[in-house]
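Right, one structure below, let's go through it.
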Amino acid sequence: MEIPKQYEPKDAEGRWYPFWEQNNFFAPETQTEADAPVFTMVIPPPNVTGFLHMGHALNHTLQDVLARWRRMNGDKVLWLPGTDHAGIATQMVVTRQLAAEGVDRRDLGRDKFIEKVWEWKAHSGGTIQRQMRILGDSVDWSRERFTMDEGLSNAVQEVFVRLYDEGLIYRGEYMVNWSPGLQTAISDLEVEMKPVKGNIWHIAYPIGADAQDSTASGSERVEGLAEAYAALNEGEQKSGLLKTPQGDFVVVATTRPETMLGDTAVAFNPEDERYAELIGKTVILPLVGREIQFIQDAIVEKEFGTGLVKVTPAHDPNDFAMGKRHNLEFIQVISKEAKITDAAPEKYRGMDRFAARKAVVADLEEAGLLLKIEDYTHNVGHCQRSGQVVEPLLSTQWFLKMKPLAEPALQAVLDGRTKIIPESVSKIYCNWLENIQDWCVSRQLWWGHLIPAYYTPDGTIIVARDEVEARERLLSERLDPNTPLTPETDVLDTWFSSQLWPFSTLGWPEETEDLKKFYPTDVLVTAQDIIFFWVARMMMMGLKFMGDVPFRTVYINALVLDPQGQKMSKTKGNVIDPLDVFDKYGTDAARFALTAASTTGLTLALQESKLESARNFANKIWNATRFVLLNCGDIFEDQEPIEWETTLSEPSLADRWILSRLNAATGEVNSALQEYRFHEAAATLYQFFWNDFCDWYIELSKPFVTDKEITDENRAVKRRIIHILERSLTLLHPLMPYITEELWQRLPHKGETICLNQFPTAGARDEQAEQQMELFTGLVSKLRNIRSTFNIAPSVSINAKVAAAEATSQAVINAMSAQIKRLARIENLEVVTAIEIQKGSVRDVVSDIEIAVPLEGLIDFEKEKARLEGNLTKLSKELEGLQKRLSNADFVARAAAEVVAESRARAAELEDQITKLKAMIEAM
RNA sequence: AGAAGCGUAGCUCAGUGGCAAGAGCGUCUGCCUUACAAGCAGAGGGUCGUGAGUUCGAGCCUCACCGCUUCUACCA
């Protein structure tokens with residue numbers, strides 16, 4: 001049989017996915033047992049425009065581990081795939097593509113553009129799906145969904161209408177985050193605050209009553225204000241006014257001087273005595289000439305800047321609130337294009353906001369009103385998608401009231417109906433819900449779900465599923481059903497449809513079989529950056545429309561960092577493409593590395609070394625199987641799976657031990673996955689397979705397995721090794737699907753695929769066998785250690801004497817003596833009752849066993865003495881600690897009885913070893 | 001500004017109040033021992049951030065401090 005010495009992942013990875021998919025192994029219908037438990041997950045839908053990034057690779061791997069594990073446990077598993085229409089991102093991609101062809105989106109028109117998007121999706125939209133197949137995602141492709149599908153669009157419409165009818169959706173003119181780059185409103189969550197180096201400009205506003213026409217128009221320069229301001233700041237501030245021969249001035253400080261064109265008040269704190277005298281007075285707004293009032297508002301902090309704030313109600317959220325409170329005028333001086341409007345003086349009209357800032361500053365300087373410029377770094381909102389500075393703008397938009405929806409979603413997590421892992425994330429979740437703000441859901445885009453609303457010529461809003469229903473609603477509101485209706489052109493925020501994902505994908509609002517069977521889902525595996533965007537909103541919608549939480553458990557997977565522990569970002573240029581990684585190391589290795597790195601933390605630094613060791617592990621699995629196939633293939637009589645052999649020969653110590661270790665590993669893997677401790681499952685499998693199975697069991701099997709004769713005993717060992725290997729591959733399959741399928745298919749097996757092979761359940765441990773094996777491995781290791789310490793070449797044989805105090809130890813040594821000799825390369829192993837003092841021997845002790853290795857002439861006595869004394873010191877120190885503890889009456893009285901007993905036993909063992917070591921040193 | 005999390009071997013991280021604090025990688029030594037050099041065998045490496053407290057007993061619990069990270073809110 002030809003089997004390469006190195007595992008070549010490409011081969012197996014290309015072959016098995018089509019086989020799995022064509023045979024429908026991943027459809028829940030594959031599980032035909034009627035009362036099988038149902039296990040459901042919906043995939044966090046990636047953007048249809050996107051490519052999978054490292055975060056997806058991790059996210060999908062963990063979901064696939066769960067799905068495959070549960071499926072092998074006999075559950076009816078549905079892992080539902082799909083993609084998100086990603087309004088902004090997709091519109092940008094297609095717009096850019098059209099632009100490259102020389103076509104302007106606006107010339108094309110809305111309907112044609114949307115056609116183009118669908119065309120684009122048909123041709124280029126399959127990337128995600130192809131990549132998911134490479135990852136090995138065991139999703140049910142027959143149930144794949146897209147957020148713009150007809151069914152999901154119906155769900156969106158239905159939800160919108162119902163929420164509107166309940167008064168939870170409203171339309172109105174409010175301050176929103178406007179993205180001038182995208183020409184749409186965006187939600188608070190889509191605004192990213194970034195520190196920007198800027199300035200605070202201190203500007204003098206002349207007091208109205210005293211103001212001369214000249215200063216108001218700015219045609220004549222005011223002299224000496226800056227000096228007066230400096231003087232004012234020197235002394236005690238009784239009054240905040242600047243008194244000059246040309247009249248009194250107040251000073252405001254601002255980071256956005258261009259917005260002064262829209263100022264309609266100047267505000268100060270009611271408790272600020274410096275400005276109390278200003279009540280009832282007005283200022284003349286420089287450059288504009290508008291007379292505006294003073295207001296008092298507690299939001300203004302006395303200590304910040306000058307304690308006076310210019311108020312621009314149409315261009316700042318706080319000022320907007322003040323404007324509402326004090327009934328101020330709202331003057332929009334910045335347009336949706338971020339240009340100065342006609343509401344501003346002619347000179348500035350049409351200027352870009354940043355150009356206008358420069359012009360305003362220059363003109364104030366000219367007029368002598370600019371008193372101070374401070375450097376200042378402050379947080380400025382940027383549009384997450386376009387990167388442009390967000391403009392707070394007064395705009396008519398649709399909003400969703402969140403408080404009434406948030407309350408049940410909060411409660412569901414507090415009372416544990418949905419469990420968030422890790423626990424710390426649920427605090428973040430709760431905190432956000434407790435302070436939730438209304439959500440601006442309308443977007444001025446073309447690609448997305450149209451808001452189901454109509455307007456009559458007089459501006460009455462009719463929300464309805466379609467025009468027919470709209471006319472019915474007109475009638476029911478006693479309006480003319482033939483009134484001309486203009487449909488709304490705004491679309492909904494993409495997250496408005498994503499929040500319905502756990503039930504819209506199952507057919508809602510229809511009462512489908514799937515919906516009944518699969519809702520609520522069991523687990524949502526997702527990333528922490530979409531807890532607010534997505535998880536919290538799904539919770540709200542699930543509770544609202546399904547009356548139950550959308551998922552029992554939310555598992556937050558780690559954020560994948562680069563090898564230096566830095567967040568990956570395009571600007572830093574440290575983004576790692578998962579497909580490159582999967583290509584280089586193999587899918588199974590990459591999956592294993594990601595699973596093994598999924599520890600309790602919220603981040604995960606992806607190191608090459610982890611991928612390498614995972615690749616080496618895959619190779620180890622390959623070669624262990626290669627060994628079995630080459631040496632045990634001769635007993636494959638038929639394809640019947642090989643069970644644990646008990647009849648041909650009595651199981652040896654090694655046999656009992658490996659079965660016990662397998663049971664231990666099986667139990668640990670099952671409980672680790674049950675509790676989402678992915679790294680523990682991976683570590684357990686790695687250690688069991690490599691350290692127990694390969695390092696010891698396969699090694700111990702060699703004399704039997706490579707024997708040309710097939711005795712009953714040899715046959716039994718072969719059958720046992722095949723059994724353990726088959727069980728190991730099955731345990732490994734959820735983490736490493738391709739290599740395990742590839743190898744399992746070559747072993748005697750039942751069933752078409754390892755994907756549906758029964759996952760092992762843990763049998764009983766054999767404590768005695770484990771203890772005895774520990775004695776054996778300890779002895780072999782000690783002998784190897786002696787060889788290594790004295791530089792005995794592997795080719796050189798040595799002799800050894802051993803004497804065990806306990807009868808059980810003696811029995812183990814006798815039973816395993818051939819193996820001890822083979823593994824430690826001992827020519828003659830003498831088992832004696834006591835070792836007499838003998839010069840020229842290396843002495844040591846392991847557990848209750850004394851060892852002597854005659855190495856006449858090879859021993860440096862000084863060094864050897866130092867070595868033994870080193871051991872002695874170490875043991876004595878430990879014993880000292882134990883004795884101190886045991887002599888403490890409080891410890892003996894209060895500590896658990898087992899702990900005390902253990903300490904005593906350990907102390908006794910140490911005393912024994914110390915005595916032996918002392919004798920050995922003495923004898924030298 | 002608030003909130004949360006993290007500081008354990010050279011690196012990345014595990015670690016239920018109680019065995020002698022672990023793993024992978026890296027380092028050092030010796031091996032092409034018939035499954036695997038992507039391997040085998042052996043070794044070295046730790047005042048568990050600092051300081052106090054609780055406890056018979058603390059890497060783990062409490063408090064303070066230092067350092068790093070993230071999230072939320074945003075004051076002109």
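All residue names refer to the structure tokens as shown: chains lettered A, B, ... in order, residues numbered from 1 in each chain, ligands numbered from 1 in order.
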
Inset, instruction - Please identify every residue of chain A that has at least one atom no more than 6 Å from any atom of chain B, counting only C-alpha atoms (C1' of nucleotides), and report them as a list in words. - result: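 Close enough to count are Thr254, Val309, Ser609, Asn616, Asn623, Ala624, Arg626, Phe627, Asn785, Ser788, Asp890 and Phe891 of chain A.
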
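Interatomic distance, atom CA of His85 of chain A to atom CA of Leu152 of chain A: 11.1 Å.
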
Inset, instruction - Please return as a ChimeraX atom specification: the residues of segment 37-190 of chain A that backbone DSSP assigns to alpha helix (DSSP H). - result: /A:54-72,87-100,105-108,110-124,127-135,150-165

With C-alpha atoms retained, could you export that selection as a PDB file, in the first residue's frame?
```pdb
ATOM      1  CA  MET A  54      -9.811  35.885   9.891  1.00  0.00           C
ATOM      2  CA  GLY A  55     -12.664  36.654  12.282  1.00  0.00           C
ATOM      3  CA  HIS A  56     -15.072  34.743  10.055  1.00  0.00           C
ATOM      4  CA  ALA A  57     -12.651  31.849   9.844  1.00  0.00           C
ATOM      5  CA  LEU A  58     -12.647  31.581  13.625  1.00  0.00           C
ATOM      6  CA  ASN A  59     -16.369  32.191  13.914  1.00  0.00           C
ATOM      7  CA  HIS A  60     -17.227  29.561  11.305  1.00  0.00           C
ATOM      8  CA  THR A  61     -14.768  27.043  12.680  1.00  0.00           C
ATOM      9  CA  LEU A  62     -16.291  27.180  16.152  1.00  0.00           C
ATOM     10  CA  GLN A  63     -19.806  26.904  14.780  1.00  0.00           C
ATOM     11  CA  ASP A  64     -18.781  23.999  12.612  1.00  0.00           C
ATOM     12  CA  VAL A  65     -17.156  22.256  15.564  1.00  0.00           C
ATOM     13  CA  LEU A  66     -20.440  22.528  17.451  1.00  0.00           C
ATOM     14  CA  ALA A  67     -22.557  21.508  14.470  1.00  0.00           C
ATOM     15  CA  ARG A  68     -20.470  18.454  13.632  1.00  0.00           C
ATOM     16  CA  TRP A  69     -20.199  17.406  17.252  1.00  0.00           C
ATOM     17  CA  ARG A  70     -23.947  17.639  17.835  1.00  0.00           C
ATOM     18  CA  ARG A  71     -24.701  15.915  14.533  1.00  0.00           C
ATOM     19  CA  MET A  72     -22.426  13.003  15.466  1.00  0.00           C
ATOM     20  CA  GLY A  87     -26.916  48.344   1.931  1.00  0.00           C
ATOM     21  CA  ILE A  88     -24.113  50.844   2.087  1.00  0.00           C
ATOM     22  CA  ALA A  89     -21.225  48.504   1.289  1.00  0.00           C
ATOM     23  CA  THR A  90     -22.949  46.914  -1.671  1.00  0.00           C
ATOM     24  CA  GLN A  91     -24.167  50.197  -3.078  1.00  0.00           C
ATOM     25  CA  MET A  92     -20.596  51.496  -2.842  1.00  0.00           C
ATOM     26  CA  VAL A  93     -19.131  48.466  -4.585  1.00  0.00           C
ATOM     27  CA  VAL A  94     -21.569  48.577  -7.481  1.00  0.00           C
ATOM     28  CA  THR A  95     -21.355  52.359  -7.772  1.00  0.00           C
ATOM     29  CA  ARG A  96     -17.597  52.097  -7.994  1.00  0.00           C
ATOM     30  CA  GLN A  97     -17.811  49.365 -10.579  1.00  0.00           C
ATOM     31  CA  LEU A  98     -20.186  51.440 -12.693  1.00  0.00           C
ATOM     32  CA  ALA A  99     -17.923  54.445 -12.336  1.00  0.00           C
ATOM     33  CA  ALA A 100     -15.055  52.359 -13.646  1.00  0.00           C
ATOM     34  CA  ARG A 105     -25.228  55.935 -10.825  1.00  0.00           C
ATOM     35  CA  ARG A 106     -27.522  58.964 -10.913  1.00  0.00           C
ATOM     36  CA  ASP A 107     -27.705  58.952 -14.695  1.00  0.00           C
ATOM     37  CA  LEU A 108     -28.691  55.325 -14.601  1.00  0.00           C
ATOM     38  CA  ARG A 110     -32.792  53.952  -9.286  1.00  0.00           C
ATOM     39  CA  ASP A 111     -34.547  50.991 -10.928  1.00  0.00           C
ATOM     40  CA  LYS A 112     -31.755  50.311 -13.407  1.00  0.00           C
ATOM     41  CA  PHE A 113     -29.203  50.614 -10.620  1.00  0.00           C
ATOM     42  CA  ILE A 114     -30.959  48.038  -8.502  1.00  0.00           C
ATOM     43  CA  GLU A 115     -31.069  45.732 -11.495  1.00  0.00           C
ATOM     44  CA  LYS A 116     -27.308  46.171 -11.760  1.00  0.00           C
ATOM     45  CA  VAL A 117     -26.874  45.246  -8.115  1.00  0.00           C
ATOM     46  CA  TRP A 118     -28.786  42.009  -8.592  1.00  0.00           C
ATOM     47  CA  GLU A 119     -26.721  41.302 -11.679  1.00  0.00           C
ATOM     48  CA  TRP A 120     -23.594  41.954  -9.693  1.00  0.00           C
ATOM     49  CA  LYS A 121     -24.746  39.602  -6.971  1.00  0.00           C
ATOM     50  CA  ALA A 122     -25.486  36.847  -9.465  1.00  0.00           C
ATOM     51  CA  HIS A 123     -22.017  37.077 -10.967  1.00  0.00           C
ATOM     52  CA  SER A 124     -19.714  38.055  -8.145  1.00  0.00           C
ATOM     53  CA  THR A 127     -17.308  34.363  -3.007  1.00  0.00           C
ATOM     54  CA  ILE A 128     -18.464  33.861   0.538  1.00  0.00           C
ATOM     55  CA  GLN A 129     -20.150  30.582  -0.290  1.00  0.00           C
ATOM     56  CA  ARG A 130     -17.063  29.247  -2.044  1.00  0.00           C
ATOM     57  CA  GLN A 131     -14.905  30.199   0.892  1.00  0.00           C
ATOM     58  CA  MET A 132     -17.300  28.582   3.342  1.00  0.00           C
ATOM     59  CA  ARG A 133     -16.965  25.328   1.435  1.00  0.00           C
ATOM     60  CA  ILE A 134     -13.191  25.560   1.739  1.00  0.00           C
ATOM     61  CA  LEU A 135     -13.517  26.016   5.500  1.00  0.00           C
ATOM     62  CA  GLU A 150     -38.761  37.867  -1.065  1.00  0.00           C
ATOM     63  CA  GLY A 151     -39.578  36.052   2.151  1.00  0.00           C
ATOM     64  CA  LEU A 152     -37.229  38.094   4.264  1.00  0.00           C
ATOM     65  CA  SER A 153     -38.462  41.286   2.619  1.00  0.00           C
ATOM     66  CA  ASN A 154     -42.008  40.357   3.579  1.00  0.00           C
ATOM     67  CA  ALA A 155     -40.862  39.890   7.139  1.00  0.00           C
ATOM     68  CA  VAL A 156     -39.255  43.325   7.136  1.00  0.00           C
ATOM     69  CA  GLN A 157     -42.407  44.934   5.802  1.00  0.00           C
ATOM     70  CA  GLU A 158     -44.584  43.118   8.283  1.00  0.00           C
ATOM     71  CA  VAL A 159     -42.431  44.140  11.216  1.00  0.00           C
ATOM     72  CA  PHE A 160     -42.294  47.743  10.106  1.00  0.00           C
ATOM     73  CA  VAL A 161     -46.049  48.017   9.731  1.00  0.00           C
ATOM     74  CA  ARG A 162     -46.740  46.345  13.060  1.00  0.00           C
ATOM     75  CA  LEU A 163     -44.246  48.509  14.913  1.00  0.00           C
ATOM     76  CA  TYR A 164     -45.679  51.618  13.289  1.00  0.00           C
ATOM     77  CA  ASP A 165     -49.209  50.636  14.186  1.00  0.00           C
TER      78      ASP A 165
END
```

Inset, instruction - For Leu524 of chain A, please output as a list in words all residues within 9 Å (counting only C-alpha atoms (C1' of nucleotides); exclusion window: fewer than 5 positions along the same chain). - result: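 Listing them by chain and then by number gives Thr40, Met41, Val42, Ile43, Pro44, Gln63, Val535, Pro550, Phe551, Arg552, Thr553, Val554, Tyr555 and Ile556 of chain A.
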